[in-house]
>>> print(open('entry_23.pdb').read())   # PDB, C-alpha atoms and all ligand atoms
ATOM      1  CA  MET I1288      85.654 -51.845-105.959
ATOM      2  CA  LYS I1289      87.074 -53.084-102.660
ATOM      3  CA  VAL I1290      90.683 -52.457-101.663
ATOM      4  CA  ALA I1291      92.578 -55.109 -99.665
ATOM      5  CA  VAL I1292      94.947 -53.976 -96.910
ATOM      6  CA  ILE I1293      97.128 -56.973 -96.108
ATOM      7  CA  VAL I1294      97.910 -57.581 -92.437
ATOM      8  CA  PHE I1295     101.117 -59.460 -91.633
ATOM      9  CA  PRO I1296     102.106 -60.411 -88.090
ATOM     10  CA  GLY I1297     103.716 -57.137 -86.967
ATOM     11  CA  SER I1298     101.969 -54.752 -89.377
ATOM     12  CA  ASN I1299     101.069 -51.554 -87.509
ATOM     13  CA  CYS I1300      99.802 -49.132 -90.168
ATOM     14  CA  ASP I1301      96.986 -51.346 -91.460
ATOM     15  CA  GLN I1302      94.167 -49.496 -89.656
ATOM     16  CA  ASP I1303      95.585 -46.086 -90.619
ATOM     17  CA  THR I1304      95.762 -47.165 -94.255
ATOM     18  CA  ARG I1305      92.210 -48.451 -94.187
ATOM     19  CA  TRP I1306      91.095 -45.175 -92.586
ATOM     20  CA  ALA I1307      92.841 -43.118 -95.288
ATOM     21  CA  LEU I1308      91.166 -45.215 -98.011
ATOM     22  CA  GLU I1309      87.701 -45.038 -96.456
ATOM     23  CA  ARG I1310      87.883 -41.267 -95.927
ATOM     24  CA  VAL I1311      87.911 -40.796 -99.702
ATOM     25  CA  GLY I1312      84.956 -43.121-100.165
ATOM     26  CA  LEU I1313      86.744 -46.365-100.993
ATOM     27  CA  LYS I1314      85.668 -49.612 -99.415
ATOM     28  CA  ALA I1315      88.707 -51.145 -97.730
ATOM     29  CA  GLU I1316      89.088 -54.417 -95.850
ATOM     30  CA  LEU I1317      91.886 -55.835 -93.736
ATOM     31  CA  VAL I1318      93.032 -59.206 -95.101
ATOM     32  CA  TRP I1319      95.116 -61.552 -92.946
ATOM     33  CA  HIS I1320      98.309 -62.701 -94.663
ATOM     34  CA  THR I1321      97.354 -66.387 -94.728
ATOM     35  CA  GLU I1322      94.469 -65.679 -97.107
ATOM     36  CA  GLY I1323      94.829 -67.630-100.331
ATOM     37  CA  SER I1324      92.526 -65.557-102.526
ATOM     38  CA  LEU I1325      92.067 -61.856-103.264
ATOM     39  CA  GLU I1326      89.082 -62.451-105.514
ATOM     40  CA  GLY I1327      86.828 -59.394-105.628
ATOM     41  CA  TYR I1328      89.485 -56.830-104.701
ATOM     42  CA  GLY I1329      90.408 -54.118-107.179
ATOM     43  CA  ALA I1330      93.616 -52.912-105.517
ATOM     44  CA  VAL I1331      96.006 -54.022-102.772
ATOM     45  CA  PHE I1332      97.938 -52.144-100.082
ATOM     46  CA  LEU I1333     100.864 -53.578 -98.146
ATOM     47  CA  PRO I1334     101.004 -51.351 -95.062
ATOM     48  CA  GLY I1335     103.858 -50.192 -92.881
ATOM     49  CA  GLY I1336     105.061 -51.842 -89.713
ATOM     50  CA  PHE I1337     107.396 -54.591 -88.607
ATOM     51  CA  SER I1338     106.248 -57.736 -90.405
ATOM     52  CA  TYR I1339     107.775 -60.750 -88.633
ATOM     53  CA  GLY I1340     109.573 -58.316 -86.333
ATOM     54  CA  ASP I1341     111.915 -57.285 -89.189
ATOM     55  CA  TYR I1342     113.774 -60.548 -88.527
ATOM     56  CA  LEU I1343     116.515 -61.319 -91.057
ATOM     57  CA  ARG I1344     115.766 -58.089 -92.987
ATOM     58  CA  ALA I1345     112.667 -55.902 -93.059
ATOM     59  CA  GLY I1346     110.192 -57.578 -95.424
ATOM     60  CA  ALA I1347     112.352 -60.657 -96.024
ATOM     61  CA  LEU I1348     109.997 -63.117 -94.294
ATOM     62  CA  ALA I1349     106.691 -61.518 -95.319
ATOM     63  CA  LYS I1350     107.410 -62.324 -98.939
ATOM     64  CA  PHE I1351     106.757 -65.998 -98.083
ATOM     65  CA  SER I1352     103.262 -65.312 -96.679
ATOM     66  CA  PRO I1353     100.582 -67.288 -98.563
ATOM     67  CA  VAL I1354      98.792 -64.130 -99.744
ATOM     68  CA  MET I1355     101.858 -62.942-101.648
ATOM     69  CA  GLY I1356     101.161 -65.350-104.508
ATOM     70  CA  GLU I1357      97.853 -63.558-105.018
ATOM     71  CA  VAL I1358      99.454 -60.127-104.689
ATOM     72  CA  ARG I1359     101.883 -61.150-107.427
ATOM     73  CA  ARG I1360      99.035 -62.408-109.618
ATOM     74  CA  LEU I1361      97.078 -59.162-109.259
ATOM     75  CA  ALA I1362     100.218 -57.114-109.948
ATOM     76  CA  GLN I1363     100.840 -59.118-113.111
ATOM     77  CA  ARG I1364      97.267 -58.510-114.216
ATOM     78  CA  GLY I1365      97.776 -54.741-113.886
ATOM     79  CA  TYR I1366      95.803 -54.066-110.678
ATOM     80  CA  PRO I1367      97.074 -51.155-108.563
ATOM     81  CA  VAL I1368      99.357 -52.472-105.787
ATOM     82  CA  MET I1369     100.996 -50.144-103.298
ATOM     83  CA  GLY I1370     103.529 -50.769-100.542
ATOM     84  CA  ILE I1371     104.115 -48.139 -97.889
ATOM     85  CA  CYS I1372     107.336 -48.310 -95.867
ATOM     86  CA  ASN I1373     107.450 -51.935 -94.687
ATOM     87  CA  GLY I1374     105.152 -52.656 -97.626
ATOM     88  CA  PHE I1375     107.755 -51.167 -99.991
ATOM     89  CA  GLN I1376     110.375 -53.386 -98.341
ATOM     90  CA  VAL I1377     108.142 -56.443 -98.913
ATOM     91  CA  LEU I1378     107.645 -55.511-102.593
ATOM     92  CA  THR I1379     111.407 -55.296-103.200
ATOM     93  CA  GLU I1380     112.051 -58.539-101.293
ATOM     94  CA  ALA I1381     109.349 -60.242-103.367
ATOM     95  CA  GLY I1382     110.937 -58.964-106.591
ATOM     96  CA  LEU I1383     107.846 -56.960-107.552
ATOM     97  CA  LEU I1384     109.981 -53.808-107.486
ATOM     98  CA  PRO I1385     113.733 -53.604-108.210
ATOM     99  CA  GLY I1386     116.446 -52.727-105.696
ATOM    100  CA  ALA I1387     116.548 -53.035-101.913
ATOM    101  CA  LEU I1388     116.024 -50.973 -98.764
ATOM    102  CA  LEU I1389     119.166 -51.034 -96.618
ATOM    103  CA  ALA I1390     119.835 -49.724 -93.113
ATOM    104  CA  ASN I1391     119.779 -45.918 -92.953
ATOM    105  CA  THR I1392     123.282 -44.447 -93.248
ATOM    106  CA  ASN I1393     122.959 -43.041 -89.694
ATOM    107  CA  LEU I1394     122.112 -46.580 -88.470
ATOM    108  CA  HIS I1395     119.207 -45.120 -86.488
ATOM    109  CA  TYR I1396     115.492 -45.640 -86.702
ATOM    110  CA  THR I1397     114.478 -42.206 -87.951
ATOM    111  CA  CYS I1398     111.111 -40.484 -87.357
ATOM    112  CA  LYS I1399     110.700 -37.042 -88.863
ATOM    113  CA  GLU I1400     109.003 -35.006 -91.544
ATOM    114  CA  VAL I1401     110.545 -34.980 -94.989
ATOM    115  CA  PHE I1402     109.866 -33.198 -98.260
ATOM    116  CA  LEU I1403     109.270 -35.103-101.478
ATOM    117  CA  ARG I1404     109.060 -33.922-105.051
ATOM    118  CA  VAL I1405     106.431 -35.609-107.204
ATOM    119  CA  GLU I1406     108.150 -36.778-110.395
ATOM    120  CA  ARG I1407     105.158 -38.408-112.097
ATOM    121  CA  THR I1408     101.476 -37.601-112.158
ATOM    122  CA  ASP I1409     100.351 -40.108-114.789
ATOM    123  CA  LEU I1410      99.900 -42.992-112.346
ATOM    124  CA  PRO I1411      96.782 -44.329-110.624
ATOM    125  CA  PHE I1412      98.308 -43.168-107.310
ATOM    126  CA  THR I1413      99.524 -39.690-108.289
ATOM    127  CA  SER I1414      97.078 -38.162-110.789
ATOM    128  CA  ASP I1415      95.777 -35.688-108.187
ATOM    129  CA  TYR I1416      99.238 -34.163-107.641
ATOM    130  CA  ARG I1417     100.947 -31.531-109.799
ATOM    131  CA  GLN I1418     104.217 -32.296-111.551
ATOM    132  CA  ALA I1419     107.114 -31.225-109.244
ATOM    133  CA  GLN I1420     104.708 -30.562-106.357
ATOM    134  CA  VAL I1421     106.535 -30.711-103.032
ATOM    135  CA  LEU I1422     104.843 -32.847-100.361
ATOM    136  CA  ARG I1423     105.508 -32.834 -96.625
ATOM    137  CA  LEU I1424     105.147 -36.352 -95.218
ATOM    138  CA  PRO I1425     106.426 -38.246 -92.172
ATOM    139  CA  ILE I1426     108.972 -41.044 -92.284
ATOM    140  CA  ALA I1427     109.519 -43.697 -89.603
ATOM    141  CA  HIS I1428     112.003 -46.393 -90.536
ATOM    142  CA  GLY I1429     115.328 -48.016 -89.804
ATOM    143  CA  GLU I1430     115.868 -49.583 -93.218
ATOM    144  CA  GLY I1431     114.916 -46.967 -95.783
ATOM    145  CA  ARG I1432     118.083 -46.419 -97.802
ATOM    146  CA  TYR I1433     117.141 -47.222-101.352
ATOM    147  CA  TYR I1434     119.883 -49.125-103.141
ATOM    148  CA  ALA I1435     120.153 -50.609-106.634
ATOM    149  CA  ASP I1436     123.103 -51.349-108.901
ATOM    150  CA  GLU I1437     124.099 -48.752-111.492
ATOM    151  CA  GLU I1438     122.421 -50.541-114.343
ATOM    152  CA  THR I1439     119.109 -50.743-112.470
ATOM    153  CA  LEU I1440     119.333 -47.094-111.427
ATOM    154  CA  ALA I1441     119.960 -46.057-115.030
ATOM    155  CA  ARG I1442     116.963 -48.116-116.132
ATOM    156  CA  LEU I1443     114.760 -46.533-113.441
ATOM    157  CA  GLU I1444     115.780 -43.060-114.635
ATOM    158  CA  GLN I1445     115.332 -43.906-118.288
ATOM    159  CA  ASN I1446     111.871 -45.444-117.796
ATOM    160  CA  ARG I1447     110.770 -42.632-115.456
ATOM    161  CA  GLN I1448     110.153 -45.145-112.659
ATOM    162  CA  ILE I1449     111.258 -42.766-109.896
ATOM    163  CA  VAL I1450     108.023 -41.288-108.580
ATOM    164  CA  PHE I1451     109.147 -39.437-105.424
ATOM    165  CA  ARG I1452     112.514 -37.919-104.482
ATOM    166  CA  TYR I1453     113.613 -36.426-101.187
ATOM    167  CA  VAL I1454     114.290 -32.714-101.617
ATOM    168  CA  GLU I1455     115.313 -29.763 -99.529
ATOM    169  CA  HIS I1456     112.563 -27.220 -99.104
ATOM    170  CA  GLN I1457     113.127 -23.782 -97.605
ATOM    171  CA  GLY I1458     116.311 -25.002 -95.944
ATOM    172  CA  GLN I1459     114.675 -28.074 -94.413
ATOM    173  CA  GLY I1460     114.418 -31.728 -95.293
ATOM    174  CA  GLY I1461     116.786 -33.362 -97.746
ATOM    175  CA  ASN I1462     117.696 -37.023 -98.054
ATOM    176  CA  PRO I1463     117.111 -38.546 -94.571
ATOM    177  CA  ASN I1464     118.601 -42.004 -95.039
ATOM    178  CA  GLY I1465     121.254 -42.050 -97.769
ATOM    179  CA  SER I1466     118.980 -43.353-100.544
ATOM    180  CA  LEU I1467     120.706 -43.402-103.923
ATOM    181  CA  GLY I1468     119.389 -40.732-106.262
ATOM    182  CA  ASP I1469     117.381 -39.303-103.325
ATOM    183  CA  ILE I1470     114.811 -41.976-104.162
ATOM    184  CA  ALA I1471     111.795 -42.094-101.841
ATOM    185  CA  GLY I1472     109.432 -44.062-104.089
ATOM    186  CA  ILE I1473     109.460 -46.030-107.331
ATOM    187  CA  VAL I1474     106.993 -47.730-109.622
ATOM    188  CA  ASN I1475     107.316 -50.822-111.816
ATOM    189  CA  GLU I1476     107.668 -50.455-115.584
ATOM    190  CA  ARG I1477     103.990 -51.001-116.189
ATOM    191  CA  GLY I1478     103.084 -48.261-113.695
ATOM    192  CA  ASN I1479     100.730 -50.248-111.444
ATOM    193  CA  VAL I1480     103.024 -51.292-108.535
ATOM    194  CA  LEU I1481     104.250 -48.413-106.373
ATOM    195  CA  GLY I1482     106.463 -48.479-103.291
ATOM    196  CA  MET I1483     107.397 -45.528-101.091
ATOM    197  CA  MET I1484     109.109 -45.129 -97.720
ATOM    198  CA  PRO I1485     107.269 -42.030 -96.389
ATOM    199  CA  HIS I1486     103.775 -42.495 -94.951
ATOM    200  CA  PRO I1487     100.969 -40.775 -96.920
ATOM    201  CA  GLU I1488      98.336 -42.442 -94.714
ATOM    202  CA  ARG I1489      99.687 -40.475 -91.738
ATOM    203  CA  ALA I1490      99.121 -37.162 -93.527
ATOM    204  CA  VAL I1491      95.479 -37.074 -94.579
ATOM    205  CA  GLU I1492      93.948 -34.663 -92.051
ATOM    206  CA  SER I1493      95.115 -31.268 -90.823
ATOM    207  CA  VAL I1494      95.020 -32.547 -87.235
ATOM    208  CA  LEU I1495      97.845 -34.919 -88.264
ATOM    209  CA  GLY I1496     100.026 -31.981 -89.314
ATOM    210  CA  SER I1497      99.775 -32.402 -93.086
ATOM    211  CA  VAL I1498      97.189 -33.326 -95.686
ATOM    212  CA  ASP I1499      99.757 -33.884 -98.416
ATOM    213  CA  GLY I1500      99.281 -37.665 -98.395
ATOM    214  CA  GLU I1501      95.637 -37.481 -99.328
ATOM    215  CA  GLY I1502      96.376 -37.210-103.057
ATOM    216  CA  ILE I1503      97.491 -40.845-103.140
ATOM    217  CA  PHE I1504      94.071 -41.990-101.967
ATOM    218  CA  THR I1505      91.959 -39.564-104.017
ATOM    219  CA  SER I1506      93.994 -40.467-107.120
ATOM    220  CA  LEU I1507      93.398 -44.169-106.527
ATOM    221  CA  SER I1508      89.716 -43.576-105.914
ATOM    222  CA  LYS I1509      89.404 -41.897-109.337
ATOM    223  CA  ALA I1510      91.453 -44.620-111.033
ATOM    224  CA  LEU I1511      89.274 -47.375-109.569
ATOM    225  CA  ALA I1512      86.094 -45.517-110.556
ATOM    226  CA  THR I1513      87.193 -45.542-114.199
ATOM    227  CA  LEU I1514      88.081 -49.271-113.990
ATOM    228  CA  ALA I1515      84.765 -50.265-112.404
TER
HETATM  229  N1  LIG I1601     107.175 -47.720 -90.534
HETATM  230  C1  LIG I1601     107.602 -48.815 -91.111
HETATM  231  O1  LIG I1601     106.909 -49.436 -91.915
HETATM  232  C2  LIG I1601     108.938 -49.325 -90.657
HETATM  233  C3  LIG I1601     109.570 -50.302 -91.614
HETATM  234  C4  LIG I1601     110.639 -51.160 -91.028
HETATM  235  N2  LIG I1601     110.170 -51.846 -89.839
HETATM  236  C5  LIG I1601     111.873 -50.334 -90.756
HETATM  237  O2  LIG I1601     112.144 -49.986 -89.631
HETATM  238  O3  LIG I1601     112.585 -50.006 -91.669
END
>>> encode(input="entry_23.pdb", output="structure tokens")
Amino acid sequence: MKVAVIVFPGSNCDQDTRWALERVGLKAELVWHTEGSLEGYGAVFLPGGFSYGDYLRAGALAKFSPVMGEVRRLAQRGYPVMGICNGFQVLTEAGLLPGALLANTNLHYTCKEVFLRVERTDLPFTSDYRQAQVLRLPIAHGEGRYYADEETLARLEQNRQIVFRYVEHQGQGGNPNGSLGDIAGIVNERGNVLGMMPHPERAVESVLGSVDGEGIFTSLSKALATLA
């Protein structure tokens, strides 16, 4: 089954995401954001970058791209949909995931390695990880502070929708941006739409400094094989 990687004007992690998908044997294609149909695709990635130059708010304009109607339709039909960094911002702006990504508390664009704890392994994106496994992944964002009102946060906790949390590991790491609940990634109630701020596609080969992101892609590959 083919995976669509949507390219918005200003996306800059589209090729990396396609590379990470193809390394694990998936067939991935870049799809320009004006495309009206995603017929034939079994999963969708919204990659990182600066869609529409982050004008207004990161992800706020991309939600109006023609392809987003199709992304919404696939999400509603239960297809795996994943947003990485700017893609996560687009998913919250489009209402496909709850909450919002606000400016980092330090008001700086922040590039560094962080540590994440895997909170769920029963998802099409996380089945190859161990419960509570700690991953080392890079972040690179200016608007990554996860925010939601108390009621939404309580619902996320109750439904186990928090998939990744920033943690300290051997005295390093911790919450890099002020996200509530140390939230680095969440999933929708149904479990098929995932958004995360760190970049797993930048950590799939030892030459990149970490291979901890690979599990996202191998998990998805197995999930799509069972769907096919
Ligand atoms: N790497 C990214 O996707 C960056 C996301 C967004 N442009 C931000 O700075 O928050």
>>> residues_around(input="entry_23.pdb", residues="region 1408-1414 of chain I", least_positions_apart="5", cutoff="6 Å", atoms="all atoms listed in the file", output="MDAnalysis selection string")
chainID I and resid 1503 1506:1507 1510
>>> residues_around(input="entry_23.pdb", residues="region 1419-1428 of chain I", least_positions_apart="5", cutoff="6 Å", atoms="all atoms listed in the file", output="CSV table (one decimal) with C-alpha atoms, keeping the file's coordinate frame")
chain,number,residue,atom,x,y,z
I,1396,TYR,CA,115.5,-45.6,-86.7
I,1397,THR,CA,114.5,-42.2,-88.0
I,1398,CYS,CA,111.1,-40.5,-87.4
I,1399,LYS,CA,110.7,-37.0,-88.9
I,1400,GLU,CA,109.0,-35.0,-91.5
I,1401,VAL,CA,110.5,-35.0,-95.0
I,1402,PHE,CA,109.9,-33.2,-98.3
I,1403,LEU,CA,109.3,-35.1,-101.5
I,1404,ARG,CA,109.1,-33.9,-105.1
I,1405,VAL,CA,106.4,-35.6,-107.2
I,1406,GLU,CA,108.2,-36.8,-110.4
I,1485,PRO,CA,107.3,-42.0,-96.4
I,1486,HIS,CA,103.8,-42.5,-95.0
I,1499,ASP,CA,99.8,-33.9,-98.4
>>> resolve_selection(input="entry_23.pdb", expression="the PyMOL selection byres (((not hetatm)) within 8 of (chain I and resi 1601))", output="PyMOL selection string")
chain I and resi 1298-1300+1334-1338+1340-1341+1345-1346+1371-1374+1376+1388+1390+1396+1426-1431+1484+1486
>>> residues_around(input="entry_23.pdb", residues="Gln1448 (chain I)", least_positions_apart="6", cutoff="10 Å", atoms="all atoms listed in the file", output="number ranges by chain")
I: 1406-1407, 1440, 1442, 1472-1478, 1481
>>> residues_around(input="entry_23.pdb", residues="region 1305-1322 of chain I", least_positions_apart="2", cutoff="8 Å", atoms="all atoms listed in the file", output="count of residues only")
24
>>> atom_distance(input="entry_23.pdb", atom1="CA of Phe1375 (chain I)", atom2="CA of Val1494 (chain I)")
25.9 Å
>>> closest_residue(input="entry_23.pdb", among="I:Lys1509, I:Asp1469, I:Ala1330, I:Leu1343", to="Arg1360 (chain I)", atoms="all atoms listed in the file")
I:Ala1330
>>> closest_residue(input="entry_23.pdb", among="I:Gly1323, I:Gly1365, I:Gly1297, I:Gly1496", to="Leu1514 (chain I)", atoms="all atoms listed in the file")
I:Gly1365
>>> residues_near_point(input="entry_23.pdb", point="(114.2, -42.4, -101.5)", cutoff="9 Å", atoms="only C-alpha atoms", output="PyMOL selection string")
chain I and resi 1403+1431-1434+1449+1451-1453+1462-1473+1483-1485
